[in-house]
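Heads up, the thing below is written out as C-alpha cells.
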Amino acid sequence: SNGNVTATPDGDDLQYLVPVQIGTPPQTLHLDFDTGSSDLWVFSSETDPSSSKGHSLYNPSTSTSSKKVDGASWNITYGDQSSSSGDVYTDVVTVGSLTVNSQAVESAQQVSAQFAQGNNDGLVGLAFSSINTVKPTPQKTWFDNIASTLDAPLFVADLRHETPGSYIFGAIPSAASNILYAPVDNSKGFWQFSTSSDTGGEFDAIADTGTTLILASDALVKSYYQKVQGAHLDALQGGYVFGCNTTLPDFKFAVGEGEITVPGSLINYAPAGNNECFGGIQPSGGLPFAIFGDIALKAAHVVFDSGKTQVGWAQK
Ligand SMILES: O=C(CN1CCCCC1)Nc1ccc2c(c1)OCO2
C-alpha cells in the first residue's frame with residue numbers, strides 16, 4: 001500500500017498542517033508532521049483548559065477504540081524551548097488512507113505558551129523511534145508502525161511556498177527526478193547526513209520538516225549574509241534582517257555526488273518590521289549540526305528512506 005496526504009502551510013509557511021483521524025468514530029485533528037522528533041502528541045480533553053482554546057481536541061473517553069497505557073507518561077522540550085507533557089493512550093490513527101490500529105497517542109495535559117497560541121492541534125513525530133519520550137516504555141512512531149505495510153519503507157516530503165504540498169508514504173512520486181542520496185546517521189535519532197557548502201565547509205545537517213528555517217553555524221550564516229547588501233544581525237528582531245526588496249543569493253549544499261540549490265527567493269522569509277525582512281537562514285545557537293528546515297525542504301522532493309537509512313533530495 002501507499003498513501004498521500006495534503007500538507008497545508010499556515011501563515012509565512014511557519015508550519016505545515018496535515019489532517020489526521022484518531023479514534024472511533026474518527027476525530028480529525030490538524031497535526032504538524034515533524035521529522036525532527038518522534039512523539040505523536042495531541043491537544044485533548046485532558047489539556048489544561050487555559051491552554052486548549054481554539055484547538056481541536058482528542059477525547060479518548062468518546063473513542064470506543066481507545067485504551068489507556070497504564071503508568072505511561074511523556075514530556076518533551078524542543079530546540080526552540082517549547083514543551084508539552086501528559087499521559088498515553090493507544091487508538092486507531094489514520095493518515096490519508098493508511099491506518100495504524102494501535103498507535104500510541106500521547107495526550108497533552110500541559111503545553112507551553114507557544115503551542116497554546118499556535119495553530120496546530122499537536123505533532124506527528126517522524127524521526128527515529130529511539131528518541132520517543134514515553135516512559136517507562138518508549139513508543140513507536142506512526143511511520144514505524146505503518147512501514148511494514150507500505151510498498152517501500154519510505155516517505156517523501158513535498159513542501160511548497162504558500163500553497164499546499166503533500167507527504168507521500170510508501171512510494172516516490174514520478175515528479176521526483178535525479179534524486180541525490182546521502183547515508184543517514186540515525187545515532188541521535190535524527191535524519192542526519194553529511195553535507196558541505198561554499199559558505200560553511202563540511203558539516204552535518206538534519207532534515208527537519210518541523211523547523212521553519214535553515215539554522216546553521218555562525219560562520220556559515222555570517223558568510224552567507226556578507227553577500228547581502230545591507231544585511232545585519234538585529235538582536236531585537238532575533239536574527240539577520242535586510243531590506244525587503246534585496247535580491248538574495250542562492251544557498252547551495254552538497255548531497256552525495258551532487259548539489260541542491262535553495263533559490264534566494266525562498267530565503268527572503270518574511271517582513272520583520274521597519275521595511276526590513278527576516279532571513280530564512282539564521283544561526284543555530286551552537287548546535288553540532290545544521291537544521292535544514294522548511295526553507296531548504298521547499299526546494300526539493302525529500303525522500304526519507306528508513307529501509308536503506310538514507311535521505312534523498314530531488315531538485316524542484
Ligand atoms: O524546535 C524546533 C522545531 N519544533 C518542532 C515542534 C514544534 C515546535 C518547534 N526547532 C528548533 C528551533 C530553534 C532551535 C532549534 C530547533 O535548535 C536550536 O534553536
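How things are named: the first chain in the C-alpha cells is A, the next is B, and so on; residues count from 1 in each chain; ligands count from 1 in the order shown.
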
TODO: Enumerate residues in contact with ligand 1: an atom-to-atom distance of at most 9 Å, counting only C-alpha atoms and all ligand atoms. Format the result as an MDAnalysis selection string.
DONE: chainID A and resid 15 32:37 77:83 114:115 120 122:123 125 208:213 215 283:287 290:291 293

Selection to disk with C-alpha atoms, as a PDB file, in the first residue's frame:
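Once written, result12.pdb looks like this:
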```pdb
ATOM      1  CA  GLN A  15       4.476  25.117   9.753  1.00  0.00           C
ATOM      2  CA  ASP A  32       2.397  19.222  12.424  1.00  0.00           C
ATOM      3  CA  PHE A  33       4.420  16.396  10.808  1.00  0.00           C
ATOM      4  CA  ASP A  34       7.877  16.711  12.324  1.00  0.00           C
ATOM      5  CA  THR A  35      10.888  14.703  11.058  1.00  0.00           C
ATOM      6  CA  GLY A  36      12.879  16.300  13.921  1.00  0.00           C
ATOM      7  CA  SER A  37      11.069  14.469  16.750  1.00  0.00           C
ATOM      8  CA  THR A  77      11.175  20.032  25.145  1.00  0.00           C
ATOM      9  CA  TYR A  78      12.035  21.112  21.586  1.00  0.00           C
ATOM     10  CA  GLY A  79      15.073  23.034  20.392  1.00  0.00           C
ATOM     11  CA  ASP A  80      13.105  26.281  20.451  1.00  0.00           C
ATOM     12  CA  GLN A  81      12.364  25.536  24.169  1.00  0.00           C
ATOM     13  CA  SER A  82       8.645  24.934  23.562  1.00  0.00           C
ATOM     14  CA  SER A  83       7.364  21.949  25.544  1.00  0.00           C
ATOM     15  CA  GLN A 114       3.946  28.726  22.011  1.00  0.00           C
ATOM     16  CA  PHE A 115       1.680  25.708  21.459  1.00  0.00           C
ATOM     17  CA  ASN A 120      -1.532  23.066  15.407  1.00  0.00           C
ATOM     18  CA  GLY A 122      -0.345  18.525  18.076  1.00  0.00           C
ATOM     19  CA  LEU A 123       2.506  16.781  16.293  1.00  0.00           C
ATOM     20  CA  GLY A 125       6.944  12.771  15.050  1.00  0.00           C
ATOM     21  CA  ASP A 208      13.665  18.652   9.772  1.00  0.00           C
ATOM     22  CA  THR A 209      10.130  19.343   8.495  1.00  0.00           C
ATOM     23  CA  GLY A 210       9.162  20.726  11.932  1.00  0.00           C
ATOM     24  CA  THR A 211      11.616  23.617  11.818  1.00  0.00           C
ATOM     25  CA  THR A 212      10.677  26.623   9.702  1.00  0.00           C
ATOM     26  CA  LEU A 213      14.099  27.955   8.769  1.00  0.00           C
ATOM     27  CA  LEU A 215      19.603  27.029  11.202  1.00  0.00           C
ATOM     28  CA  PRO A 283      22.269  30.958  13.446  1.00  0.00           C
ATOM     29  CA  SER A 284      21.536  27.637  15.199  1.00  0.00           C
ATOM     30  CA  GLY A 285      22.968  28.828  18.527  1.00  0.00           C
ATOM     31  CA  GLY A 286      25.929  26.453  18.506  1.00  0.00           C
ATOM     32  CA  LEU A 287      24.357  23.084  17.655  1.00  0.00           C
ATOM     33  CA  ALA A 290      22.748  22.388  10.974  1.00  0.00           C
ATOM     34  CA  ILE A 291      18.965  22.147  10.827  1.00  0.00           C
ATOM     35  CA  GLY A 293      14.128  23.097   7.931  1.00  0.00           C
TER      36      GLY A 293
END
```

- [ ] Write down as number ranges by chain the residues belonging to stretch 28-267 of chain A that are assigned strand (DSSP E or B) by DSSP computed on the backbone.
- [x] A: 28-34, 40-42, 44, 58, 67-77, 83-95, 98-111, 122-125, 135, 154-158, 165-169, 180-183, 185, 192-197, 201-207, 214-216, 232-234, 239-243, 251-255, 258-262

Task: Nearest to A:Pro153, chosen from A:Gly11, A:Gly118, A:Gly170, A:Pro271, with only C-alpha atoms counted in the distances - done: A:Gly170

Task: Top pick for closest residue to A:Ser52, considering A:Leu126, A:Ala147, A:Ser84, A:Ala116 and counting only C-alpha atoms - done: A:Ala116

- [ ] Identify, on the basis of only C-alpha atoms, every residue whose closest approach to A:Ser148 does not exceed 12 Å; exclude the query and any residue fewer than 4 positions from it along the same chain; express the result as a ChimeraX atom specification.
- [x] /A:1-2,98,100,142-144,152-154,169-170,306-307

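With only C-alpha atoms as the atoms that count, the residue of A:Gly312, A:Gly280, A:Gly201, A:Gly86 with the shortest distance to A:Gly71 is A:Gly86.
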
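From atom CA of A:Ile172 back to atom CA of A:Glu257, the distance works out to 20.2 Å.
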
Task: Long-range neighbours of A:Tyr181 as a ChimeraX atom specification, 7 Å cut-off, only C-alpha atoms, 2 positions minimum in chain - done: /A:179,183,255-256,310-313

Could you save those same residues with C-alpha atoms as an mmCIF file, in the first residue's frame?
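What ended up in part-v4.cif:
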```
data_model
loop_
_atom_site.group_PDB
_atom_site.id
_atom_site.type_symbol
_atom_site.label_atom_id
_atom_site.label_comp_id
_atom_site.auth_asym_id
_atom_site.auth_seq_id
_atom_site.Cartn_x
_atom_site.Cartn_y
_atom_site.Cartn_z
ATOM 1 C CA ILE A 179 17.393 12.045 -6.746
ATOM 2 C CA PRO A 183 23.586 7.987 4.023
ATOM 3 C CA VAL A 255 24.115 15.822 -1.263
ATOM 4 C CA GLY A 256 26.188 12.764 -2.197
ATOM 5 C CA GLN A 310 19.304 7.259 3.595
ATOM 6 C CA VAL A 311 17.860 10.630 2.625
ATOM 7 C CA GLY A 312 17.254 11.651 -0.986
ATOM 8 C CA TRP A 313 16.937 15.163 -2.409
#
```

Open item on the list: Could you go through stretch 135-231 of chain A and tell me which residues DSSP, when run on the backbone, assigns to helix (DSSP H, G or I), listing them as a ChimeraX atom specification?
Closed with: /A:142-149,218-225

Give me a file of those residues, with N, CA, C and O atoms, as a compact mmCIF listing (two decimals), in the first residue's frame.
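What follows is the written file again_14.txt:
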```
# COMPACT_ATOMS: atom_id res chain seq x y z
N TRP A 142 4.28 6.67 14.26
CA TRP A 142 3.25 6.20 13.32
C TRP A 142 3.91 5.61 12.08
O TRP A 142 3.50 4.54 11.59
N PHE A 143 4.96 6.23 11.59
CA PHE A 143 5.64 5.72 10.39
C PHE A 143 6.25 4.36 10.65
O PHE A 143 6.11 3.43 9.84
N ASP A 144 6.91 4.18 11.80
CA ASP A 144 7.48 2.86 12.14
C ASP A 144 6.38 1.80 12.16
O ASP A 144 6.58 0.67 11.70
N ASN A 145 5.20 2.16 12.66
CA ASN A 145 4.12 1.18 12.75
C ASN A 145 3.52 0.83 11.39
O ASN A 145 3.10 -0.30 11.17
N ILE A 146 3.51 1.80 10.45
CA ILE A 146 2.88 1.56 9.15
C ILE A 146 3.88 1.01 8.14
O ILE A 146 3.50 0.36 7.17
N ALA A 147 5.18 1.22 8.38
CA ALA A 147 6.21 0.96 7.35
C ALA A 147 6.11 -0.42 6.72
O ALA A 147 6.21 -0.57 5.50
N SER A 148 5.88 -1.45 7.53
CA SER A 148 5.90 -2.82 7.02
C SER A 148 4.74 -3.10 6.06
O SER A 148 4.78 -4.05 5.28
N THR A 149 3.71 -2.24 6.09
CA THR A 149 2.58 -2.45 5.18
C THR A 149 2.74 -1.64 3.89
O THR A 149 1.93 -1.78 2.97
N ASP A 218 27.38 29.87 13.07
CA ASP A 218 27.60 31.32 12.97
C ASP A 218 28.46 31.64 11.75
O ASP A 218 28.18 32.61 11.02
N ALA A 219 29.48 30.83 11.50
CA ALA A 219 30.42 31.11 10.39
C ALA A 219 29.71 31.00 9.04
O ALA A 219 29.85 31.88 8.18
N LEU A 220 28.90 29.95 8.86
CA LEU A 220 28.19 29.79 7.59
C LEU A 220 27.23 30.95 7.39
O LEU A 220 27.18 31.56 6.30
N VAL A 221 26.49 31.29 8.45
CA VAL A 221 25.45 32.33 8.32
C VAL A 221 26.07 33.70 8.05
O VAL A 221 25.61 34.45 7.17
N LYS A 222 27.17 33.98 8.77
CA LYS A 222 27.86 35.27 8.56
C LYS A 222 28.37 35.35 7.13
O LYS A 222 28.21 36.38 6.46
N SER A 223 28.94 34.26 6.66
CA SER A 223 29.49 34.22 5.30
C SER A 223 28.39 34.40 4.27
O SER A 223 28.57 35.10 3.25
N TYR A 224 27.21 33.83 4.52
CA TYR A 224 26.10 33.99 3.57
C TYR A 224 25.65 35.46 3.51
O TYR A 224 25.55 36.04 2.42
N TYR A 225 25.43 36.08 4.66
CA TYR A 225 24.89 37.45 4.64
C TYR A 225 25.93 38.50 4.28
O TYR A 225 25.57 39.64 3.95
```

- [ ] Please provide the set of residues having any atom within 8 Å of A:Ala300, restricted to only C-alpha atoms, with same-chain residues fewer than 4 positions apart removed, written as a ChimeraX atom specification.
- [x] /A:158,260,296,313-316

Please, could you write that set of residues out with C-alpha atoms as a tab-separated table (two decimals), in the first residue's frame?
```
chain	number	residue	atom	x	y	z
A	158	ASP	CA	6.81	17.76	-0.95
A	260	ILE	CA	20.88	21.16	-4.24
A	296	ALA	CA	15.56	24.05	2.42
A	313	TRP	CA	16.94	15.16	-2.41
A	314	ALA	CA	15.40	15.79	-5.84
A	315	GLN	CA	15.77	19.41	-7.01
A	316	LYS	CA	12.44	21.09	-7.88
```

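Distance check against A:Leu14 using only C-alpha atoms: of A:Gly200, A:Asn274, A:Ala176, A:Glu162, the minimum falls on A:Glu162.
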
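Distance check against A:Trp74 using only C-alpha atoms: of A:Ser61, A:Thr99, A:Thr90, A:Gln109, the minimum falls on A:Gln109.
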
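From atom CA of A:Tyr16 back to atom CA of A:Glu46, the distance works out to 24.6 Å.
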
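For the pair atom CA of A:Thr246 and atom CA of A:Leu159, the separation is 24.4 Å.
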